[in-house]
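Chemist: Have a peek at input.tsv (TSV, C-alpha atoms and all ligand atoms).
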```tsv
chain	number	residue	atom	x	y	z
A	1	MET	CA	-9.31	-3.50	10.94
A	2	ILE	CA	-8.16	-5.50	7.94
A	3	HIS	CA	-4.47	-5.14	7.21
A	4	PHE	CA	-3.22	-4.81	3.67
A	5	ASN	CA	-0.46	-7.26	4.48
A	6	LYS	CA	0.76	-9.50	7.27
A	7	PRO	CA	4.24	-11.02	6.97
A	8	PRO	CA	3.97	-14.76	6.31
A	9	ARG	CA	4.62	-16.73	9.49
A	10	THR	CA	3.79	-20.41	9.55
A	11	GLY	CA	4.92	-21.45	13.03
A	12	ASN	CA	8.46	-22.76	12.79
A	13	GLU	CA	10.24	-19.46	12.17
A	14	ASP	CA	10.78	-18.80	15.91
A	15	LYS	CA	12.32	-22.22	16.38
A	16	TYR	CA	14.66	-21.89	13.41
A	17	VAL	CA	15.79	-18.36	14.25
A	18	LEU	CA	16.57	-19.56	17.78
A	19	GLU	CA	18.37	-22.60	16.40
A	20	ALA	CA	20.52	-20.31	14.24
A	21	MET	CA	21.27	-18.09	17.25
A	22	ASN	CA	22.27	-21.09	19.34
A	23	SER	CA	24.52	-22.40	16.58
A	24	LEU	CA	26.77	-19.38	17.25
A	25	LYS	CA	27.04	-18.90	13.47
A	26	ILE	CA	24.77	-16.02	12.68
A	27	SER	CA	26.69	-14.32	9.88
A	28	GLY	CA	25.84	-15.34	6.33
A	29	ASP	CA	26.05	-18.68	4.50
A	30	GLY	CA	25.35	-20.85	7.54
A	31	ALA	CA	23.30	-24.04	7.56
A	32	PHE	CA	19.94	-22.33	6.88
A	33	GLY	CA	21.40	-20.18	4.15
A	34	LYS	CA	22.88	-23.16	2.35
A	35	ARG	CA	19.73	-25.23	2.83
A	36	SER	CA	17.57	-22.45	1.38
A	37	GLN	CA	19.81	-21.96	-1.66
A	38	GLU	CA	19.85	-25.72	-2.33
A	39	TRP	CA	16.06	-25.75	-2.02
A	40	PHE	CA	15.77	-23.15	-4.78
A	41	GLU	CA	18.39	-24.78	-7.00
A	42	LYS	CA	16.65	-28.14	-6.80
A	43	ARG	CA	13.08	-26.90	-7.07
A	44	TYR	CA	13.80	-24.60	-10.02
A	45	GLY	CA	16.57	-26.54	-11.69
A	46	CYS	CA	18.71	-23.41	-11.50
A	47	PRO	CA	22.50	-23.90	-11.59
A	48	LYS	CA	23.18	-21.41	-8.81
A	49	THR	CA	21.25	-19.21	-6.42
A	50	LEU	CA	22.56	-16.75	-3.82
A	51	LEU	CA	20.56	-15.26	-0.97
A	52	THR	CA	20.91	-11.49	-0.76
A	53	PRO	CA	19.81	-8.89	1.80
A	54	SER	CA	17.08	-7.73	-0.62
A	55	CYS	CA	15.89	-7.99	-4.20
A	56	THR	CA	17.36	-4.51	-4.67
A	57	HIS	CA	20.77	-5.98	-3.84
A	58	ALA	CA	20.23	-8.96	-6.15
A	59	LEU	CA	19.51	-6.48	-8.97
A	60	GLU	CA	22.61	-4.46	-8.05
A	61	MET	CA	24.65	-7.66	-8.25
A	62	ALA	CA	23.15	-8.33	-11.67
A	63	ALA	CA	24.20	-4.87	-12.89
A	64	LEU	CA	27.74	-5.47	-11.58
A	65	LEU	CA	27.90	-8.93	-13.17
A	66	LEU	CA	26.89	-7.52	-16.54
A	67	ASP	CA	29.55	-4.78	-16.20
A	68	ILE	CA	26.95	-2.12	-16.81
A	69	LYS	CA	28.78	1.19	-17.12
A	70	GLU	CA	28.37	4.87	-17.87
A	71	GLY	CA	26.49	5.42	-21.08
A	72	ASP	CA	25.00	1.94	-21.39
A	73	GLU	CA	21.26	1.69	-21.88
A	74	VAL	CA	18.91	-0.67	-20.11
A	75	ILE	CA	15.32	-1.23	-21.21
A	76	MET	CA	12.56	-1.74	-18.63
A	77	PRO	CA	8.99	-0.72	-17.85
A	78	SER	CA	8.30	2.57	-16.09
A	79	TYR	CA	5.54	0.92	-14.08
A	80	THR	CA	7.72	-0.79	-11.46
A	81	PHE	CA	9.35	-0.36	-8.09
A	82	VAL	CA	12.28	2.08	-8.03
A	83	SER	CA	14.87	-0.64	-7.38
A	84	THR	CA	14.51	-2.04	-10.90
A	85	ALA	CA	15.92	1.23	-12.24
A	86	ASP	CA	18.14	2.20	-9.29
A	87	ALA	CA	20.33	-0.89	-9.61
A	88	PHE	CA	21.34	0.05	-13.16
A	89	ALA	CA	21.33	3.85	-12.72
A	90	LEU	CA	23.85	3.33	-9.89
A	91	ARG	CA	26.30	1.97	-12.48
A	92	GLY	CA	25.76	4.98	-14.72
A	93	ALA	CA	23.32	3.43	-17.17
A	94	LYS	CA	20.60	5.39	-18.91
A	95	ILE	CA	17.22	3.84	-18.22
A	96	VAL	CA	15.00	3.50	-21.28
A	97	PHE	CA	11.40	3.09	-20.23
A	98	VAL	CA	8.91	1.26	-22.40
A	99	ASP	CA	5.13	1.37	-22.06
A	100	VAL	CA	3.14	-1.46	-20.47
A	101	ARG	CA	0.34	-3.61	-21.84
A	102	ALA	CA	-2.90	-2.49	-20.22
A	103	GLU	CA	-4.19	-6.01	-19.61
A	104	THR	CA	-1.23	-7.24	-17.53
A	105	MET	CA	0.71	-4.07	-16.63
A	106	ASN	CA	3.80	-5.88	-17.93
A	107	MET	CA	6.26	-4.24	-20.32
A	108	ASP	CA	4.87	-4.39	-23.87
A	109	GLU	CA	7.24	-6.81	-25.58
A	110	ARG	CA	6.15	-5.48	-29.00
A	111	LEU	CA	7.81	-2.13	-28.24
A	112	ILE	CA	11.20	-3.42	-27.06
A	113	GLU	CA	12.93	-3.98	-30.37
A	114	ALA	CA	12.40	-0.41	-31.56
A	115	ALA	CA	13.86	0.91	-28.28
A	116	ILE	CA	17.19	-0.84	-28.85
A	117	THR	CA	20.17	1.35	-29.80
A	118	PRO	CA	23.89	0.49	-30.19
A	119	LYS	CA	24.23	1.39	-26.49
A	120	THR	CA	21.62	-1.07	-25.23
A	121	ARG	CA	23.06	-3.78	-22.98
A	122	ALA	CA	20.15	-5.38	-21.16
A	123	ILE	CA	16.40	-5.83	-20.97
A	124	VAL	CA	14.79	-6.02	-17.54
A	125	PRO	CA	11.27	-7.44	-17.64
A	126	VAL	CA	9.22	-7.11	-14.43
A	127	HIS	CA	6.66	-9.84	-13.81
A	128	TYR	CA	3.94	-7.70	-12.33
A	129	ALA	CA	1.67	-9.42	-9.80
A	130	GLY	CA	3.48	-12.70	-10.46
A	131	VAL	CA	2.14	-12.87	-14.02
A	132	GLY	CA	4.87	-13.64	-16.52
A	133	CYS	CA	5.96	-11.23	-19.25
A	134	ASP	CA	6.07	-12.71	-22.75
A	135	MET	CA	9.50	-14.24	-22.20
A	136	ASP	CA	9.70	-16.15	-25.51
A	137	VAL	CA	9.51	-12.88	-27.41
A	138	ILE	CA	11.87	-11.09	-25.01
A	139	MET	CA	14.51	-13.85	-25.11
A	140	ASP	CA	14.31	-13.97	-28.88
A	141	ILE	CA	14.91	-10.21	-29.16
A	142	ALA	CA	17.77	-10.43	-26.65
A	143	ASN	CA	19.42	-13.30	-28.50
A	144	ARG	CA	19.17	-11.62	-31.86
A	145	HIS	CA	20.65	-8.36	-30.51
A	146	ASN	CA	23.18	-9.96	-28.18
A	147	LEU	CA	21.62	-8.44	-25.04
A	148	PHE	CA	21.32	-9.73	-21.50
A	149	VAL	CA	18.00	-10.33	-19.80
A	150	VAL	CA	17.62	-9.78	-16.06
A	151	GLU	CA	14.20	-10.80	-14.78
A	152	ASP	CA	12.88	-8.68	-11.95
A	153	ALA	CA	10.94	-11.59	-10.47
A	154	ALA	CA	10.55	-9.84	-7.10
A	155	GLN	CA	6.86	-10.77	-7.28
A	156	GLY	CA	7.36	-13.95	-9.26
A	157	PHE	CA	8.18	-16.64	-6.67
A	158	GLU	CA	6.40	-19.91	-7.61
A	159	ALA	CA	4.80	-18.53	-10.78
A	160	THR	CA	5.54	-19.97	-14.22
A	161	TYR	CA	5.63	-18.99	-17.89
A	162	LYS	CA	5.06	-21.92	-20.28
A	163	GLY	CA	6.02	-24.27	-17.48
A	164	LYS	CA	9.25	-22.43	-16.60
A	165	PRO	CA	9.58	-20.79	-13.19
A	166	LEU	CA	9.80	-17.01	-13.38
A	167	GLY	CA	13.32	-15.87	-12.60
A	168	THR	CA	14.92	-18.86	-14.34
A	169	ILE	CA	14.40	-17.79	-17.96
A	170	GLY	CA	16.69	-14.77	-18.39
A	171	HIS	CA	20.46	-14.84	-17.83
A	172	LEU	CA	19.86	-13.65	-14.29
A	173	GLY	CA	16.76	-13.35	-12.11
A	174	ALA	CA	15.94	-11.69	-8.80
A	175	PHE	CA	13.38	-12.60	-6.11
A	176	SER	CA	12.31	-10.47	-3.17
A	177	PHE	CA	11.65	-11.82	0.31
A	178	HIS	CA	10.44	-8.50	1.65
A	179	GLU	CA	7.62	-8.88	4.18
A	180	THR	CA	5.04	-7.97	1.54
A	181	LYS	CA	6.05	-10.79	-0.80
A	182	ASN	CA	4.74	-14.39	-0.77
A	183	VAL	CA	7.60	-15.61	1.41
A	184	THR	CA	9.90	-13.49	3.56
A	185	SER	CA	13.27	-13.82	5.21
A	186	GLY	CA	12.20	-11.91	8.29
A	187	GLY	CA	11.20	-8.63	6.68
A	188	GLU	CA	13.96	-7.99	4.15
A	189	GLY	CA	15.70	-10.36	1.79
A	190	GLY	CA	16.15	-11.54	-1.74
A	191	LEU	CA	17.70	-14.08	-4.06
A	192	LEU	CA	19.84	-13.85	-7.16
A	193	LEU	CA	19.12	-16.66	-9.62
A	194	ILE	CA	22.09	-17.35	-11.86
A	195	ASN	CA	20.87	-19.21	-14.92
A	196	ASP	CA	24.01	-18.71	-16.96
A	197	GLU	CA	26.91	-20.47	-15.26
A	198	ARG	CA	29.41	-18.01	-16.67
A	199	PHE	CA	28.39	-15.69	-13.83
A	200	SER	CA	28.52	-18.13	-10.91
A	201	GLN	CA	32.06	-17.66	-9.69
A	202	ARG	CA	32.16	-13.89	-10.06
A	203	ALA	CA	28.76	-13.59	-8.35
A	204	GLU	CA	30.19	-15.24	-5.24
A	205	ILE	CA	33.12	-12.82	-5.28
A	206	ILE	CA	30.98	-9.71	-5.75
A	207	ARG	CA	28.71	-10.86	-2.92
A	208	GLU	CA	31.67	-11.33	-0.56
A	209	LYS	CA	33.01	-7.76	-0.80
A	210	GLY	CA	35.04	-8.62	-3.88
A	211	THR	CA	36.91	-11.48	-2.22
A	212	ASN	CA	37.17	-15.19	-3.03
A	213	ARG	CA	36.15	-16.06	0.53
A	214	SER	CA	33.49	-18.55	-0.63
A	215	GLN	CA	36.11	-20.56	-2.52
A	216	PHE	CA	38.38	-20.41	0.53
A	217	PHE	CA	35.65	-21.90	2.74
A	218	ARG	CA	35.16	-24.69	0.23
A	219	GLY	CA	38.90	-25.44	0.42
A	220	MET	CA	39.45	-24.49	-3.21
A	221	VAL	CA	42.11	-21.85	-2.41
A	222	ASP	CA	44.37	-21.70	0.65
A	223	LYS	CA	43.92	-18.00	1.35
A	224	TYR	CA	41.47	-15.39	0.25
A	225	GLY	CA	41.99	-11.86	-0.97
A	226	TRP	CA	40.60	-8.92	-2.87
A	227	MET	CA	39.88	-10.11	-6.40
A	228	ASP	CA	37.29	-7.70	-7.83
A	229	ILE	CA	34.97	-4.89	-6.86
A	230	GLY	CA	32.04	-6.02	-4.75
A	231	SER	CA	29.99	-5.21	-1.73
A	232	SER	CA	28.34	-6.91	1.22
A	233	TYR	CA	25.48	-8.73	-0.45
A	234	LEU	CA	25.34	-11.54	2.11
A	235	PRO	CA	22.30	-11.74	4.40
A	236	SER	CA	22.56	-12.84	8.00
A	237	GLU	CA	21.82	-16.43	8.99
A	238	LEU	CA	18.87	-15.19	11.07
A	239	GLN	CA	17.21	-14.01	7.88
A	240	ALA	CA	17.81	-17.37	6.21
A	241	ALA	CA	16.42	-19.20	9.26
A	242	TYR	CA	13.18	-17.23	9.10
A	243	LEU	CA	12.95	-17.88	5.36
A	244	TRP	CA	13.39	-21.61	5.92
A	245	GLY	CA	10.31	-21.60	8.14
A	246	ASN	CA	8.36	-20.12	5.20
A	247	LEU	CA	9.88	-22.39	2.53
A	248	GLU	CA	9.05	-25.56	4.44
A	249	GLU	CA	5.38	-24.55	4.34
A	250	VAL	CA	5.39	-23.21	0.80
A	251	ASP	CA	2.40	-25.31	-0.27
A	252	ALA	CA	0.28	-24.13	2.64
A	253	ILE	CA	1.20	-20.50	1.93
A	254	GLN	CA	0.57	-20.77	-1.80
A	255	ASN	CA	-2.70	-22.69	-1.46
A	256	HIS	CA	-4.00	-20.15	0.99
A	257	ARG	CA	-3.08	-17.20	-1.21
A	258	LEU	CA	-4.48	-18.82	-4.36
A	259	ASN	CA	-7.77	-19.58	-2.59
A	260	ALA	CA	-8.04	-16.02	-1.32
A	261	TRP	CA	-7.31	-14.71	-4.82
A	262	LYS	CA	-10.01	-16.95	-6.33
A	263	MET	CA	-12.52	-15.84	-3.68
A	264	TYR	CA	-11.98	-12.21	-4.60
A	265	TYR	CA	-12.20	-13.00	-8.29
A	266	THR	CA	-15.45	-14.96	-7.96
A	267	GLN	CA	-17.11	-12.42	-5.69
A	268	LEU	CA	-16.18	-9.51	-7.93
A	269	GLU	CA	-17.10	-11.06	-11.26
A	270	GLY	CA	-20.59	-9.54	-11.05
A	271	LEU	CA	-19.16	-6.02	-10.80
A	272	ALA	CA	-16.90	-6.73	-13.75
A	273	LYS	CA	-19.84	-7.95	-15.84
A	274	LYS	CA	-21.66	-4.70	-15.06
A	275	GLY	CA	-18.59	-2.84	-16.35
A	276	LEU	CA	-17.85	-1.18	-13.00
A	277	ILE	CA	-14.43	-2.73	-12.57
A	278	GLU	CA	-11.88	-4.68	-14.60
A	279	LEU	CA	-10.47	-7.88	-13.15
A	280	PRO	CA	-6.90	-9.10	-13.62
A	281	PHE	CA	-6.09	-11.02	-16.79
A	282	ILE	CA	-3.83	-14.07	-16.85
A	283	PRO	CA	-2.49	-14.76	-20.39
A	284	GLU	CA	-2.41	-18.29	-21.70
A	285	GLY	CA	0.76	-20.08	-20.70
A	286	CYS	CA	1.09	-18.11	-17.47
A	287	VAL	CA	0.42	-19.61	-14.06
A	288	HIS	CA	0.34	-16.83	-11.48
A	289	ASN	CA	1.21	-17.09	-7.80
A	290	ALA	CA	-1.51	-14.98	-6.17
A	291	HIS	CA	1.08	-12.42	-5.22
A	292	MET	CA	-1.44	-9.65	-5.55
A	293	PHE	CA	-5.14	-9.11	-6.08
A	294	TYR	CA	-5.82	-5.93	-7.99
A	295	PHE	CA	-8.59	-4.56	-10.15
A	296	LYS	CA	-9.11	-1.35	-12.06
A	297	VAL	CA	-11.82	1.28	-11.79
A	298	LYS	CA	-12.82	3.94	-14.31
A	299	ASP	CA	-10.35	6.69	-13.44
A	300	LEU	CA	-8.24	8.38	-10.77
A	301	GLU	CA	-11.17	10.29	-9.30
A	302	THR	CA	-13.17	7.09	-8.87
A	303	ARG	CA	-10.20	5.39	-7.25
A	304	THR	CA	-9.60	8.23	-4.80
A	305	ALA	CA	-13.23	8.13	-3.69
A	306	LEU	CA	-13.19	4.34	-3.36
A	307	LEU	CA	-9.97	4.27	-1.35
A	308	GLU	CA	-11.55	6.83	1.02
A	309	GLN	CA	-14.36	4.38	1.68
A	310	PHE	CA	-11.94	1.55	2.43
A	311	LYS	CA	-10.00	3.85	4.73
A	312	ALA	CA	-13.14	4.85	6.61
A	313	GLN	CA	-13.77	1.15	7.30
A	314	ASN	CA	-10.16	0.55	8.36
A	315	ILE	CA	-9.45	-1.68	5.40
A	316	GLY	CA	-5.95	-1.58	3.94
A	317	ALA	CA	-6.65	-1.23	0.22
A	318	VAL	CA	-3.86	0.64	-1.56
A	319	PHE	CA	-2.43	1.72	-4.89
A	320	HIS	CA	1.19	1.85	-5.94
A	321	TYR	CA	3.89	2.70	-8.44
A	322	ILE	CA	3.94	6.27	-9.52
A	323	PRO	CA	5.48	5.73	-12.98
A	324	LEU	CA	9.24	6.16	-12.86
A	325	HIS	CA	9.74	8.05	-16.13
A	326	SER	CA	7.94	11.15	-14.84
A	327	ALA	CA	9.49	11.06	-11.34
A	328	PRO	CA	12.39	13.47	-10.60
A	329	ALA	CA	15.04	10.74	-10.74
A	330	GLY	CA	13.38	9.16	-13.76
A	331	LEU	CA	13.73	12.42	-15.68
A	332	LYS	CA	17.38	12.63	-14.67
A	333	TYR	CA	18.47	9.02	-15.21
A	334	GLY	CA	16.04	7.81	-17.82
A	335	ARG	CA	13.84	8.60	-20.76
A	336	MET	CA	10.58	7.24	-22.04
A	337	PHE	CA	10.84	5.48	-25.36
A	338	GLY	CA	7.81	6.22	-27.48
A	339	GLU	CA	4.57	7.30	-25.93
A	340	ASP	CA	3.15	6.75	-22.51
A	341	VAL	CA	-0.19	5.45	-23.70
A	342	TYR	CA	-0.99	3.13	-20.80
A	343	THR	CA	1.59	3.42	-18.02
A	344	THR	CA	0.22	6.53	-16.31
A	345	LYS	CA	-3.42	6.14	-17.24
A	346	GLU	CA	-3.67	2.51	-16.17
A	347	SER	CA	-1.62	2.95	-12.99
A	348	GLU	CA	-4.05	5.63	-11.84
A	349	ARG	CA	-7.00	3.24	-12.06
A	350	LEU	CA	-5.48	0.37	-10.14
A	351	VAL	CA	-6.54	-0.74	-6.64
A	352	ARG	CA	-4.88	-3.50	-4.60
A	353	LEU	CA	-6.86	-5.42	-1.99
A	354	PRO	CA	-5.62	-7.03	1.24
A	355	LEU	CA	-4.05	-10.41	0.52
A	356	TYR	CA	-1.79	-12.37	2.82
A	357	TYR	CA	-1.20	-15.81	4.24
A	358	GLY	CA	-3.87	-16.18	6.93
A	359	ILE	CA	-6.49	-13.76	5.57
A	360	THR	CA	-9.91	-15.23	6.46
A	361	HIS	CA	-13.06	-15.76	4.38
A	362	GLU	CA	-14.82	-13.27	6.66
A	363	GLU	CA	-12.20	-10.64	5.94
A	364	ILE	CA	-12.46	-11.19	2.21
A	365	ASP	CA	-16.26	-10.97	2.46
A	366	ALA	CA	-15.96	-7.70	4.39
A	367	VAL	CA	-13.68	-6.23	1.71
A	368	CYS	CA	-16.04	-7.32	-1.08
A	369	ASP	CA	-18.99	-5.95	0.87
A	370	ILE	CA	-17.55	-2.45	0.69
A	371	LEU	CA	-17.24	-2.86	-3.06
A	372	MET	CA	-20.84	-4.08	-3.38
A	373	LYS	CA	-22.12	-1.05	-1.44
A	374	TRP	CA	-19.89	1.28	-3.44
A	375	SER	CA	-21.22	-0.16	-6.70
A	376	ALA	CA	-24.83	0.23	-5.59
A	377	CYS	CA	-24.59	4.00	-5.17
B	401	LIG	C1	9.43	-5.67	-3.96
B	401	LIG	C2	10.02	-5.34	-5.26
B	401	LIG	C3	11.36	-4.99	-5.43
B	401	LIG	C4	12.29	-4.74	-4.29
B	401	LIG	O1	12.42	-5.77	-3.40
B	401	LIG	P1	13.28	-5.58	-2.07
B	401	LIG	O2	13.48	-6.98	-1.60
B	401	LIG	O3	12.44	-4.77	-1.14
B	401	LIG	O4	14.54	-4.91	-2.41
B	401	LIG	C5	11.86	-4.80	-6.71
B	401	LIG	N1	11.08	-4.90	-7.78
B	401	LIG	C6	9.77	-5.21	-7.68
B	401	LIG	C7	8.95	-5.35	-8.92
B	401	LIG	C8	9.19	-5.42	-6.41
B	401	LIG	O5	7.89	-5.71	-6.32
```
Now, as a test, write the supplied structure out as structure tokens.
Ligand SMILES: *Cc1c(COP(=O)(O)O)cnc(C)c1O
Modeler:
Amino acid sequence: MIHFNKPPRTGNEDKYVLEAMNSLKISGDGAFGKRSQEWFEKRYGCPKTLLTPSCTHALEMAALLLDIKEGDEVIMPSYTFVSTADAFALRGAKIVFVDVRAETMNMDERLIEAAITPKTRAIVPVHYAGVGCDMDVIMDIANRHNLFVVEDAAQGFEATYKGKPLGTIGHLGAFSFHETKNVTSGGEGGLLLINDERFSQRAEIIREKGTNRSQFFRGMVDKYGWMDIGSSYLPSELQAAYLWGNLEEVDAIQNHRLNAWKMYYTQLEGLAKKGLIELPFIPEGCVHNAHMFYFKVKDLETRTALLEQFKAQNIGAVFHYIPLHSAPAGLKYGRMFGEDVYTTKESERLVRLPLYYGITHEEIDAVCDILMKWSAC
């Protein structure tokens, strides 16, 4: 049995979670929470970061911070996880889906400008597989049209675009620490990256149920009260403690994942040369983070047959993302701008292979073996 994913666990998580429990401060913003946020701020040169219970919540906070309201439009790819759209649809926005580029599965930046209307408020690029979208072009469009950019960098932890960490380029960015991502805060978790300091103070208030409790704890005000709308976007200290165990070993985790990714790539190059599969493409200027190893086969039928073979051998190879624009909620809350040339067609050809911290050479060989046998018949 080869799992598709195993949550990253480096050895110190147990100790830190126990330490948090023994500190008798297990609600949010304890020592591990603060340490983790400082780690991100320092490492990424980001003015402010806030841990959240999930990336979904970080995106919801972003929509609240931008005052997205009924009738606004938000541009994003259709090939993404539902949360990218949900966060903005919850505020009443119309989601305008734009086609992806086949070679990266990222939103095609050349289509964005034509999708802008007087109602457009924000652009939400998704860095698929930890490979950066063309952020120079996207930021330029946003600046010229006075729009906000929220990076869905759920998969982008530790990846860069022209030397800049993903998540730090737009006005706001969001990471996920779900168990399937490169680092996890004990199963569920996320981070809001605030790159525009205008949002810092209000972000703290929104995250604390609409109160200025954070300022109160810093001694900046002598009582706290209800200042704004908000919600509970504060993760527990136990989640932060688990995350700290991962962050401390970030180099070990990343090196392992990058090596596994390269092993797959090298072993499968032969099949790509024969034209049987297409390997992932990393554009110049992008450094990816080995979040995902995927490749594409000819069509849906081929993929279905191949996934059957993996399943028969107990290997967790999967596909994902049924395009949002054609899903029931997508039809209700969004619309496709222009034509769906690649989104559906390319998503149907995509296969993801097992990749996690701790996957062994033998396991990677076994996965590639199935592909060699499949290609021989
Ligand atoms: C994982 C993921 C999310 C959601 O993350 P959660 O932490 O589970 O809320 C959002 N967008 C993308 C692109 C993702 O991959």
Chemist: Could you give me, as a list in words, the residues within 9 Å of A:Val82, counting only C-alpha atoms and dropping anything in the same chain fewer than 6 positions from it?
Modeler: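 Returned residues: Thr56, Tyr321 and Leu324 of chain A.
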Chemist: Taking all atoms listed in the file into account, which residues are within 6 Å of ligand LIG 401 (chain B), as a count of residues only?
Modeler: 17
Chemist: Which polymer residues have any atom within 12 Å of an atom of A:Lys119, counting only C-alpha atoms, with same-chain residues fewer than 5 positions away left out, as a ChimeraX atom specification?
Modeler: /A:68-75,93-96,145-147
Chemist: I need the residue nearest A:Leu355 from this list: A:Phe310, A:Phe4, A:Phe295, A:Phe217. Use only C-alpha atoms for the distance.
Modeler: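 Of the candidates, the smallest distance to A:Leu355 is held by A:Phe4.
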Chemist: Given the choices A:Met76, A:Val367, A:Val287, A:Leu64, which gets closest to A:Ala159 if the distance is worked out from all atoms listed in the file?
Modeler: A:Val287
Chemist: Mind pulling up the distance from atom CA of A:Val98 to atom CA of A:Ser78?
Modeler: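 Separating atom CA of A:Ser78 from atom CA of A:Val98 is a distance of 6.5 Å.
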Chemist: Can you tell me, as an MDAnalysis selection string, which residues sit within 12 Å of (24.5, -23.2, 7.4) in the file's frame, using all atoms listed in the file?
Modeler: chainID A and resid 16 19:21 23:38 236:241 244
